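Undergrad: Before I ask anything, here is the structure I am working with.
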Amino acid sequence: MMRLLWLICLLAPFAVASAEDIHLIYFRMPPFADQTNGKVSGPAVALVEELTDGLGVAGEPVMMPLKRLEHALATEKTIAIGLGRNARRESLGFIWVVELFRDDFYFVTLAPHPPVIGFDDARMLKRIACNLGSAPADILIEHGFTNLENANDLRSEAAKLRAGHADGWFDLKIFIDNTWTSLGHAPDELRWSPPLGTQSIWIAASPLVDPTVIETMRRRYAELKSQGRLDPLLAKLTQ
């Protein structure tokens, strides 16, 4: 009996360490998931933290570039707070836990440049601000665009447009709107194309995450919905 107790005590720290090696990761997407003065914030962050409470998540959510985020999802026990779902990422084997929201893609130009009316018209732009490795970049590459001006994140994309280093920007409306205004720029400076496709944003997990964690997150999501608590949370994602 004492030998069994000794063995349990010996293995317990390893069990705890194993249970607490899931990390939340995110790409900076205001207002959805952002960082201010080193503090992670945003309605998507709050929702994912609620869905994963007590499931062995270690530490604070970690911000990282998209390519690093995709690599982490493929090789580490991680859960991405939000990720655009498309064919390329489907092929990477990620677990798509729940859909958060959908939004439309747009080109924007800076006034007084006229608005872009479609992909063919956008080919006349000299440079289009985009994050290579992002879902918007995947769409542009699929359409044969080669004039992409790479930027590290949404704020960098906005800065390139504002400074004239790019004369177009392609992304989801919610991210363009909120990034632009978060930098103190006036919304009426932008000229918008018609909507040019729809993207769904999901919570995504590494295939290394235990299936019971995924099942619990989905169950909690369904419970929030049945209790009427989910719609107010999702509404904050697209405000």
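In the structure tokens, each chain is lettered A, B, ... as it comes, each chain's residues begin at 1, and ligands are numbered from 1 in order of appearance.
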Near Ala44 in chain A, counting only C-alpha atoms, which residues have an atom at most 8 Å away, once you skip same-chain residues fewer than 5 positions from it, shown as a PDB file with N, CA and C atoms, in the first residue's frame?

TA:
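Result saved to around28.pdb:
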```
ATOM      1  N   PHE A  32     -11.202  42.260 -31.865  1.00  0.00           N
ATOM      2  CA  PHE A  32     -11.483  40.862 -31.628  1.00  0.00           C
ATOM      3  C   PHE A  32     -10.519  40.256 -30.599  1.00  0.00           C
ATOM      4  N   ALA A  33      -9.229  40.453 -30.837  1.00  0.00           N
ATOM      5  CA  ALA A  33      -8.180  40.028 -29.901  1.00  0.00           C
ATOM      6  C   ALA A  33      -7.034  41.018 -30.066  1.00  0.00           C
ATOM      7  N   ILE A  81      -7.130  31.609 -30.710  1.00  0.00           N
ATOM      8  CA  ILE A  81      -8.324  32.335 -30.303  1.00  0.00           C
ATOM      9  C   ILE A  81      -9.191  32.690 -31.502  1.00  0.00           C
ATOM     10  N   GLY A  82      -8.605  32.863 -32.650  1.00  0.00           N
ATOM     11  CA  GLY A  82      -9.390  33.109 -33.862  1.00  0.00           C
ATOM     12  C   GLY A  82      -8.531  32.913 -35.094  1.00  0.00           C
ATOM     13  N   LEU A 237     -18.050  40.724 -30.910  1.00  0.00           N
ATOM     14  CA  LEU A 237     -16.959  40.417 -31.838  1.00  0.00           C
ATOM     15  C   LEU A 237     -17.043  41.264 -33.095  1.00  0.00           C
TER      16      LEU A 237
END
```

Undergrad: Using backbone DSSP assignments, extract all strand (DSSP E) residues from range 87-144 of chain A; output them as a short mmCIF file (atom, residue, chain, number, x, y, z; two decimals) with all heavy atoms, in the first residue's frame.

TA:
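Now in states.cif:
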```cif
data_model
loop_
_atom_site.label_atom_id
_atom_site.label_comp_id
_atom_site.auth_asym_id
_atom_site.auth_seq_id
_atom_site.Cartn_x
_atom_site.Cartn_y
_atom_site.Cartn_z
N ILE A 95 -7.89 21.43 -35.95
CA ILE A 95 -9.22 21.09 -35.46
C ILE A 95 -10.03 22.39 -35.39
O ILE A 95 -9.67 23.32 -34.67
CB ILE A 95 -9.17 20.43 -34.07
CG1 ILE A 95 -8.23 19.22 -34.08
CG2 ILE A 95 -10.58 20.03 -33.63
CD1 ILE A 95 -8.60 18.14 -35.05
N TRP A 96 -11.14 22.45 -36.14
CA TRP A 96 -11.98 23.64 -36.15
C TRP A 96 -13.04 23.45 -35.08
O TRP A 96 -13.98 22.69 -35.24
CB TRP A 96 -12.56 23.84 -37.55
CG TRP A 96 -11.45 23.97 -38.56
CD1 TRP A 96 -10.94 22.99 -39.35
CD2 TRP A 96 -10.68 25.14 -38.82
NE1 TRP A 96 -9.90 23.47 -40.11
CE2 TRP A 96 -9.72 24.80 -39.81
CE3 TRP A 96 -10.70 26.46 -38.34
CZ2 TRP A 96 -8.79 25.73 -40.30
CZ3 TRP A 96 -9.79 27.37 -38.83
CH2 TRP A 96 -8.85 26.99 -39.80
N VAL A 97 -12.85 24.14 -33.96
CA VAL A 97 -13.65 23.87 -32.76
C VAL A 97 -15.07 24.44 -32.90
O VAL A 97 -16.04 23.68 -32.88
CB VAL A 97 -12.95 24.46 -31.51
CG1 VAL A 97 -13.75 24.08 -30.25
CG2 VAL A 97 -11.52 23.95 -31.40
N VAL A 98 -15.19 25.75 -33.02
CA VAL A 98 -16.49 26.39 -33.23
C VAL A 98 -16.28 27.64 -34.09
O VAL A 98 -15.24 28.28 -34.03
CB VAL A 98 -17.20 26.79 -31.91
CG1 VAL A 98 -17.62 25.56 -31.13
CG2 VAL A 98 -16.33 27.70 -31.07
N GLU A 99 -17.32 27.98 -34.86
CA GLU A 99 -17.28 29.20 -35.65
C GLU A 99 -17.70 30.38 -34.78
O GLU A 99 -18.69 30.30 -34.06
CB GLU A 99 -18.21 29.09 -36.85
CG GLU A 99 -18.16 30.30 -37.78
CD GLU A 99 -19.13 30.19 -38.95
OE1 GLU A 99 -20.30 29.80 -38.71
OE2 GLU A 99 -18.73 30.50 -40.08
N LEU A 100 -16.96 31.49 -34.89
CA LEU A 100 -17.27 32.68 -34.11
C LEU A 100 -18.14 33.66 -34.89
O LEU A 100 -19.15 34.14 -34.39
CB LEU A 100 -15.98 33.37 -33.66
CG LEU A 100 -15.11 32.55 -32.69
CD1 LEU A 100 -13.81 33.27 -32.41
CD2 LEU A 100 -15.87 32.28 -31.39
N PHE A 101 -17.74 33.99 -36.11
CA PHE A 101 -18.54 34.91 -36.92
C PHE A 101 -18.06 34.86 -38.36
O PHE A 101 -17.05 34.24 -38.68
CB PHE A 101 -18.47 36.35 -36.38
CG PHE A 101 -17.12 37.01 -36.53
CD1 PHE A 101 -16.79 37.76 -37.66
CD2 PHE A 101 -16.17 36.89 -35.53
CE1 PHE A 101 -15.56 38.37 -37.80
CE2 PHE A 101 -14.93 37.51 -35.66
CZ PHE A 101 -14.63 38.24 -36.80
N ARG A 102 -18.81 35.53 -39.23
CA ARG A 102 -18.45 35.67 -40.64
C ARG A 102 -18.46 37.15 -41.01
O ARG A 102 -19.23 37.94 -40.45
CB ARG A 102 -19.42 34.91 -41.54
CG ARG A 102 -19.39 33.41 -41.32
CD ARG A 102 -20.23 32.67 -42.33
NE ARG A 102 -20.13 31.24 -42.15
CZ ARG A 102 -20.30 30.35 -43.12
NH1 ARG A 102 -20.62 30.76 -44.33
NH2 ARG A 102 -20.18 29.05 -42.86
N ASP A 103 -17.61 37.49 -41.96
CA ASP A 103 -17.58 38.87 -42.43
C ASP A 103 -17.12 38.88 -43.89
O ASP A 103 -16.64 37.86 -44.40
CB ASP A 103 -16.64 39.71 -41.56
CG ASP A 103 -16.89 41.20 -41.69
OD1 ASP A 103 -17.96 41.59 -42.18
OD2 ASP A 103 -16.00 41.98 -41.29
N ASP A 104 -17.29 40.03 -44.53
CA ASP A 104 -16.96 40.16 -45.96
C ASP A 104 -15.61 40.82 -46.18
O ASP A 104 -15.19 41.69 -45.41
CB ASP A 104 -18.03 40.98 -46.68
CG ASP A 104 -19.37 40.27 -46.74
OD1 ASP A 104 -19.37 39.02 -46.80
OD2 ASP A 104 -20.40 40.95 -46.72
N PHE A 105 -14.95 40.41 -47.27
CA PHE A 105 -13.70 41.03 -47.70
C PHE A 105 -13.98 42.27 -48.54
O PHE A 105 -14.92 42.30 -49.34
CB PHE A 105 -12.88 40.05 -48.55
CG PHE A 105 -12.21 38.96 -47.76
CD1 PHE A 105 -12.63 37.65 -47.88
CD2 PHE A 105 -11.14 39.24 -46.93
CE1 PHE A 105 -12.01 36.64 -47.17
CE2 PHE A 105 -10.52 38.24 -46.21
CZ PHE A 105 -10.95 36.93 -46.33
N TYR A 106 -13.10 43.27 -48.38
CA TYR A 106 -13.17 44.50 -49.17
C TYR A 106 -11.75 44.95 -49.53
O TYR A 106 -10.80 44.69 -48.78
CB TYR A 106 -13.82 45.63 -48.37
CG TYR A 106 -15.29 45.48 -48.12
CD1 TYR A 106 -15.77 44.66 -47.10
CD2 TYR A 106 -16.23 46.17 -48.90
CE1 TYR A 106 -17.13 44.53 -46.86
CE2 TYR A 106 -17.60 46.05 -48.67
CZ TYR A 106 -18.03 45.23 -47.64
OH TYR A 106 -19.38 45.09 -47.40
N PHE A 107 -11.65 45.65 -50.65
CA PHE A 107 -10.49 46.49 -50.92
C PHE A 107 -10.82 47.88 -50.40
O PHE A 107 -11.95 48.37 -50.56
CB PHE A 107 -10.21 46.61 -52.42
CG PHE A 107 -9.51 45.43 -53.02
CD1 PHE A 107 -10.22 44.51 -53.79
CD2 PHE A 107 -8.14 45.25 -52.85
CE1 PHE A 107 -9.58 43.43 -54.36
CE2 PHE A 107 -7.49 44.16 -53.42
CZ PHE A 107 -8.22 43.25 -54.18
N VAL A 108 -9.84 48.53 -49.78
CA VAL A 108 -9.99 49.95 -49.47
C VAL A 108 -8.81 50.70 -50.07
O VAL A 108 -7.69 50.17 -50.16
CB VAL A 108 -10.08 50.25 -47.95
CG1 VAL A 108 -11.39 49.74 -47.38
CG2 VAL A 108 -8.89 49.68 -47.20
N THR A 109 -9.08 51.92 -50.51
CA THR A 109 -8.06 52.84 -50.96
C THR A 109 -8.20 54.12 -50.14
O THR A 109 -9.21 54.32 -49.45
CB THR A 109 -8.21 53.16 -52.46
OG1 THR A 109 -9.57 53.58 -52.71
CG2 THR A 109 -7.92 51.92 -53.31
N LEU A 110 -7.19 54.96 -50.22
CA LEU A 110 -7.18 56.19 -49.44
C LEU A 110 -7.64 57.35 -50.32
O LEU A 110 -7.14 57.54 -51.43
CB LEU A 110 -5.76 56.45 -48.93
CG LEU A 110 -5.57 57.55 -47.89
CD1 LEU A 110 -6.30 57.22 -46.60
CD2 LEU A 110 -4.07 57.74 -47.61
N ILE A 128 -0.54 46.38 -52.87
CA ILE A 128 -1.68 46.11 -51.98
C ILE A 128 -1.13 45.62 -50.65
O ILE A 128 -0.42 44.61 -50.59
CB ILE A 128 -2.61 45.04 -52.58
CG1 ILE A 128 -3.15 45.51 -53.95
CG2 ILE A 128 -3.77 44.74 -51.63
CD1 ILE A 128 -3.89 44.44 -54.71
N ALA A 129 -1.46 46.34 -49.57
CA ALA A 129 -1.00 45.94 -48.24
C ALA A 129 -1.69 44.65 -47.81
O ALA A 129 -2.91 44.54 -47.88
CB ALA A 129 -1.29 47.05 -47.23
N CYS A 130 -0.91 43.70 -47.37
CA CYS A 130 -1.45 42.39 -46.99
C CYS A 130 -0.41 41.65 -46.17
O CYS A 130 0.80 41.87 -46.33
CB CYS A 130 -1.79 41.59 -48.24
SG CYS A 130 -3.13 40.41 -48.01
#
```

Undergrad: Show which residues sit within 10 Å of Ile176 in chain A, as a PDB file with all heavy atoms, in the first residue's frame. Count only C-alpha atoms, and ignore same-chain residues fewer than 6 positions away.

TA:
```pdb
ATOM      1  N   MET A  29      -5.785  41.188 -33.781  1.00  0.00           N
ATOM      2  CA  MET A  29      -6.885  41.575 -34.665  1.00  0.00           C
ATOM      3  C   MET A  29      -7.873  42.438 -33.874  1.00  0.00           C
ATOM      4  O   MET A  29      -8.822  41.927 -33.291  1.00  0.00           O
ATOM      5  CB  MET A  29      -7.597  40.337 -35.221  1.00  0.00           C
ATOM      6  CG  MET A  29      -6.727  39.448 -36.087  1.00  0.00           C
ATOM      7  SD  MET A  29      -7.606  38.010 -36.762  1.00  0.00           S
ATOM      8  CE  MET A  29      -7.760  36.998 -35.276  1.00  0.00           C
ATOM      9  N   PRO A  30      -7.631  43.747 -33.812  1.00  0.00           N
ATOM     10  CA  PRO A  30      -8.576  44.587 -33.061  1.00  0.00           C
ATOM     11  C   PRO A  30      -9.932  44.641 -33.754  1.00  0.00           C
ATOM     12  O   PRO A  30      -9.976  44.656 -34.983  1.00  0.00           O
ATOM     13  CB  PRO A  30      -7.889  45.976 -33.095  1.00  0.00           C
ATOM     14  CG  PRO A  30      -6.969  45.939 -34.279  1.00  0.00           C
ATOM     15  CD  PRO A  30      -6.549  44.503 -34.423  1.00  0.00           C
ATOM     16  N   PHE A 105     -14.951  40.413 -47.272  1.00  0.00           N
ATOM     17  CA  PHE A 105     -13.697  41.029 -47.698  1.00  0.00           C
ATOM     18  C   PHE A 105     -13.975  42.269 -48.545  1.00  0.00           C
ATOM     19  O   PHE A 105     -14.916  42.302 -49.336  1.00  0.00           O
ATOM     20  CB  PHE A 105     -12.882  40.050 -48.552  1.00  0.00           C
ATOM     21  CG  PHE A 105     -12.214  38.962 -47.764  1.00  0.00           C
ATOM     22  CD1 PHE A 105     -12.633  37.647 -47.876  1.00  0.00           C
ATOM     23  CD2 PHE A 105     -11.145  39.242 -46.925  1.00  0.00           C
ATOM     24  CE1 PHE A 105     -12.013  36.636 -47.172  1.00  0.00           C
ATOM     25  CE2 PHE A 105     -10.516  38.236 -46.208  1.00  0.00           C
ATOM     26  CZ  PHE A 105     -10.945  36.933 -46.333  1.00  0.00           C
ATOM     27  N   TYR A 106     -13.104  43.271 -48.384  1.00  0.00           N
ATOM     28  CA  TYR A 106     -13.169  44.498 -49.172  1.00  0.00           C
ATOM     29  C   TYR A 106     -11.754  44.954 -49.531  1.00  0.00           C
ATOM     30  O   TYR A 106     -10.800  44.694 -48.780  1.00  0.00           O
ATOM     31  CB  TYR A 106     -13.824  45.634 -48.374  1.00  0.00           C
ATOM     32  CG  TYR A 106     -15.295  45.477 -48.122  1.00  0.00           C
ATOM     33  CD1 TYR A 106     -15.773  44.662 -47.105  1.00  0.00           C
ATOM     34  CD2 TYR A 106     -16.234  46.175 -48.900  1.00  0.00           C
ATOM     35  CE1 TYR A 106     -17.129  44.526 -46.860  1.00  0.00           C
ATOM     36  CE2 TYR A 106     -17.597  46.052 -48.666  1.00  0.00           C
ATOM     37  CZ  TYR A 106     -18.028  45.226 -47.639  1.00  0.00           C
ATOM     38  OH  TYR A 106     -19.385  45.094 -47.401  1.00  0.00           O
ATOM     39  N   PHE A 107     -11.650  45.646 -50.654  1.00  0.00           N
ATOM     40  CA  PHE A 107     -10.493  46.490 -50.915  1.00  0.00           C
ATOM     41  C   PHE A 107     -10.818  47.884 -50.396  1.00  0.00           C
ATOM     42  O   PHE A 107     -11.953  48.365 -50.563  1.00  0.00           O
ATOM     43  CB  PHE A 107     -10.210  46.609 -52.422  1.00  0.00           C
ATOM     44  CG  PHE A 107      -9.511  45.432 -53.025  1.00  0.00           C
ATOM     45  CD1 PHE A 107     -10.221  44.508 -53.787  1.00  0.00           C
ATOM     46  CD2 PHE A 107      -8.142  45.249 -52.850  1.00  0.00           C
ATOM     47  CE1 PHE A 107      -9.584  43.425 -54.356  1.00  0.00           C
ATOM     48  CE2 PHE A 107      -7.492  44.164 -53.419  1.00  0.00           C
ATOM     49  CZ  PHE A 107      -8.218  43.249 -54.184  1.00  0.00           C
ATOM     50  N   VAL A 108      -9.843  48.525 -49.777  1.00  0.00           N
ATOM     51  CA  VAL A 108      -9.988  49.948 -49.474  1.00  0.00           C
ATOM     52  C   VAL A 108      -8.811  50.699 -50.067  1.00  0.00           C
ATOM     53  O   VAL A 108      -7.692  50.170 -50.164  1.00  0.00           O
ATOM     54  CB  VAL A 108     -10.082  50.247 -47.955  1.00  0.00           C
ATOM     55  CG1 VAL A 108     -11.386  49.738 -47.384  1.00  0.00           C
ATOM     56  CG2 VAL A 108      -8.890  49.678 -47.197  1.00  0.00           C
ATOM     57  N   LEU A 154      -2.134  43.912 -38.860  1.00  0.00           N
ATOM     58  CA  LEU A 154      -3.148  44.819 -39.388  1.00  0.00           C
ATOM     59  C   LEU A 154      -2.751  46.282 -39.233  1.00  0.00           C
ATOM     60  O   LEU A 154      -2.995  47.105 -40.127  1.00  0.00           O
ATOM     61  CB  LEU A 154      -4.489  44.554 -38.699  1.00  0.00           C
ATOM     62  CG  LEU A 154      -5.169  43.238 -39.091  1.00  0.00           C
ATOM     63  CD1 LEU A 154      -6.191  42.827 -38.044  1.00  0.00           C
ATOM     64  CD2 LEU A 154      -5.826  43.362 -40.452  1.00  0.00           C
ATOM     65  N   ARG A 155      -2.144  46.618 -38.111  1.00  0.00           N
ATOM     66  CA  ARG A 155      -1.737  48.008 -37.921  1.00  0.00           C
ATOM     67  C   ARG A 155      -0.663  48.409 -38.929  1.00  0.00           C
ATOM     68  O   ARG A 155      -0.649  49.545 -39.429  1.00  0.00           O
ATOM     69  CB  ARG A 155      -1.253  48.226 -36.485  1.00  0.00           C
ATOM     70  CG  ARG A 155      -2.385  48.320 -35.468  1.00  0.00           C
ATOM     71  CD  ARG A 155      -1.849  48.583 -34.068  1.00  0.00           C
ATOM     72  NE  ARG A 155      -2.923  48.915 -33.137  1.00  0.00           N
ATOM     73  CZ  ARG A 155      -3.661  48.025 -32.495  1.00  0.00           C
ATOM     74  NH1 ARG A 155      -3.441  46.735 -32.691  1.00  0.00           N
ATOM     75  NH2 ARG A 155      -4.615  48.410 -31.659  1.00  0.00           N
ATOM     76  N   GLU A 157      -0.393  47.138 -41.917  1.00  0.00           N
ATOM     77  CA  GLU A 157      -1.090  47.275 -43.202  1.00  0.00           C
ATOM     78  C   GLU A 157      -1.725  48.660 -43.309  1.00  0.00           C
ATOM     79  O   GLU A 157      -1.615  49.339 -44.343  1.00  0.00           O
ATOM     80  CB  GLU A 157      -2.157  46.179 -43.335  1.00  0.00           C
ATOM     81  CG  GLU A 157      -1.577  44.778 -43.456  1.00  0.00           C
ATOM     82  CD  GLU A 157      -2.636  43.698 -43.382  1.00  0.00           C
ATOM     83  OE1 GLU A 157      -3.811  43.991 -43.668  1.00  0.00           O
ATOM     84  OE2 GLU A 157      -2.292  42.559 -43.027  1.00  0.00           O
ATOM     85  N   ALA A 158      -2.400  49.082 -42.235  1.00  0.00           N
ATOM     86  CA  ALA A 158      -3.019  50.403 -42.231  1.00  0.00           C
ATOM     87  C   ALA A 158      -1.971  51.506 -42.377  1.00  0.00           C
ATOM     88  O   ALA A 158      -2.178  52.484 -43.108  1.00  0.00           O
ATOM     89  CB  ALA A 158      -3.817  50.596 -40.940  1.00  0.00           C
ATOM     90  N   TRP A 169      -5.605  48.106 -49.781  1.00  0.00           N
ATOM     91  CA  TRP A 169      -5.555  47.217 -48.608  1.00  0.00           C
ATOM     92  C   TRP A 169      -6.736  46.274 -48.737  1.00  0.00           C
ATOM     93  O   TRP A 169      -7.856  46.696 -49.050  1.00  0.00           O
ATOM     94  CB  TRP A 169      -5.632  48.060 -47.339  1.00  0.00           C
ATOM     95  CG  TRP A 169      -5.622  47.337 -46.031  1.00  0.00           C
ATOM     96  CD1 TRP A 169      -5.286  46.046 -45.780  1.00  0.00           C
ATOM     97  CD2 TRP A 169      -5.965  47.910 -44.761  1.00  0.00           C
ATOM     98  NE1 TRP A 169      -5.398  45.755 -44.443  1.00  0.00           N
ATOM     99  CE2 TRP A 169      -5.811  46.895 -43.793  1.00  0.00           C
ATOM    100  CE3 TRP A 169      -6.388  49.184 -44.361  1.00  0.00           C
ATOM    101  CZ2 TRP A 169      -6.069  47.105 -42.448  1.00  0.00           C
ATOM    102  CZ3 TRP A 169      -6.654  49.398 -43.012  1.00  0.00           C
ATOM    103  CH2 TRP A 169      -6.487  48.375 -42.060  1.00  0.00           C
ATOM    104  N   PHE A 170      -6.500  44.975 -48.500  1.00  0.00           N
ATOM    105  CA  PHE A 170      -7.547  43.969 -48.671  1.00  0.00           C
ATOM    106  C   PHE A 170      -7.672  43.160 -47.393  1.00  0.00           C
ATOM    107  O   PHE A 170      -6.707  42.519 -46.952  1.00  0.00           O
ATOM    108  CB  PHE A 170      -7.194  43.051 -49.843  1.00  0.00           C
ATOM    109  CG  PHE A 170      -8.235  42.001 -50.155  1.00  0.00           C
ATOM    110  CD1 PHE A 170      -9.466  42.354 -50.708  1.00  0.00           C
ATOM    111  CD2 PHE A 170      -7.995  40.657 -49.901  1.00  0.00           C
ATOM    112  CE1 PHE A 170     -10.426  41.395 -51.010  1.00  0.00           C
ATOM    113  CE2 PHE A 170      -8.948  39.688 -50.194  1.00  0.00           C
ATOM    114  CZ  PHE A 170     -10.164  40.058 -50.749  1.00  0.00           C
ATOM    115  N   SER A 182      -8.703  52.645 -34.547  1.00  0.00           N
ATOM    116  CA  SER A 182      -7.857  52.501 -33.357  1.00  0.00           C
ATOM    117  C   SER A 182      -6.567  53.298 -33.484  1.00  0.00           C
ATOM    118  O   SER A 182      -5.939  53.644 -32.483  1.00  0.00           O
ATOM    119  CB  SER A 182      -7.538  51.028 -33.099  1.00  0.00           C
ATOM    120  OG  SER A 182      -6.580  50.528 -34.030  1.00  0.00           O
ATOM    121  N   PRO A 187     -12.717  57.577 -40.454  1.00  0.00           N
ATOM    122  CA  PRO A 187     -13.294  56.566 -41.355  1.00  0.00           C
ATOM    123  C   PRO A 187     -13.554  57.077 -42.764  1.00  0.00           C
ATOM    124  O   PRO A 187     -13.451  56.312 -43.726  1.00  0.00           O
ATOM    125  CB  PRO A 187     -14.605  56.185 -40.654  1.00  0.00           C
ATOM    126  CG  PRO A 187     -14.393  56.524 -39.221  1.00  0.00           C
ATOM    127  CD  PRO A 187     -13.510  57.735 -39.218  1.00  0.00           C
ATOM    128  N   LEU A 190     -11.314  56.528 -46.094  1.00  0.00           N
ATOM    129  CA  LEU A 190     -11.248  55.282 -46.860  1.00  0.00           C
ATOM    130  C   LEU A 190     -12.318  55.239 -47.940  1.00  0.00           C
ATOM    131  O   LEU A 190     -13.444  55.695 -47.744  1.00  0.00           O
ATOM    132  CB  LEU A 190     -11.412  54.078 -45.922  1.00  0.00           C
ATOM    133  CG  LEU A 190     -10.343  53.898 -44.846  1.00  0.00           C
ATOM    134  CD1 LEU A 190     -10.682  52.698 -43.965  1.00  0.00           C
ATOM    135  CD2 LEU A 190      -8.961  53.725 -45.475  1.00  0.00           C
TER     136      LEU A 190
END
```

Undergrad: Restricting the calculation to only C-alpha atoms, which member of A:Ile139, A:Ala111, A:Leu161, A:Val57 is positioned closest to Arg191 in chain A?

TA: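 So, comparing all the options, the nearest one is A:Ala111.
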
Undergrad: If you take only C-alpha atoms and a cut-off of 10 Å, which residues of range 51-114 of chain A touch range 39-43 of chain A, and what are their nearest atom pairs and distances in Å to one decimal, in chain and number order, as a Markdown table?

TA:
```
| residue | atom | partner | partner_atom | distance |
| --- | --- | --- | --- | --- |
| A:Glu60 | CA | A:Val40 | CA | 8.0 |
| A:Pro61 | CA | A:Val40 | CA | 7.1 |
| A:Val62 | CA | A:Val40 | CA | 8.5 |
| A:Met63 | CA | A:Val40 | CA | 8.5 |
```

Undergrad: Keeping only N, CA, C and O atoms, write the selected residues to a file as a PDB file, in the first residue's frame.

TA:
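See part.pdb below for the written result:
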```pdb
ATOM      1  N   GLU A  60      -0.775  33.126 -19.835  1.00  0.00           N
ATOM      2  CA  GLU A  60      -1.587  34.087 -20.558  1.00  0.00           C
ATOM      3  C   GLU A  60      -1.574  33.767 -22.053  1.00  0.00           C
ATOM      4  O   GLU A  60      -0.642  33.138 -22.557  1.00  0.00           O
ATOM      5  N   PRO A  61      -2.597  34.218 -22.800  1.00  0.00           N
ATOM      6  CA  PRO A  61      -2.555  34.061 -24.255  1.00  0.00           C
ATOM      7  C   PRO A  61      -1.320  34.727 -24.841  1.00  0.00           C
ATOM      8  O   PRO A  61      -0.898  35.790 -24.389  1.00  0.00           O
ATOM      9  N   VAL A  62      -0.744  34.081 -25.853  1.00  0.00           N
ATOM     10  CA  VAL A  62       0.508  34.550 -26.449  1.00  0.00           C
ATOM     11  C   VAL A  62       0.232  35.098 -27.846  1.00  0.00           C
ATOM     12  O   VAL A  62      -0.322  34.398 -28.698  1.00  0.00           O
ATOM     13  N   MET A  63       0.624  36.337 -28.086  1.00  0.00           N
ATOM     14  CA  MET A  63       0.479  36.943 -29.406  1.00  0.00           C
ATOM     15  C   MET A  63       1.650  36.510 -30.287  1.00  0.00           C
ATOM     16  O   MET A  63       2.790  36.464 -29.843  1.00  0.00           O
TER      17      MET A  63
END
```
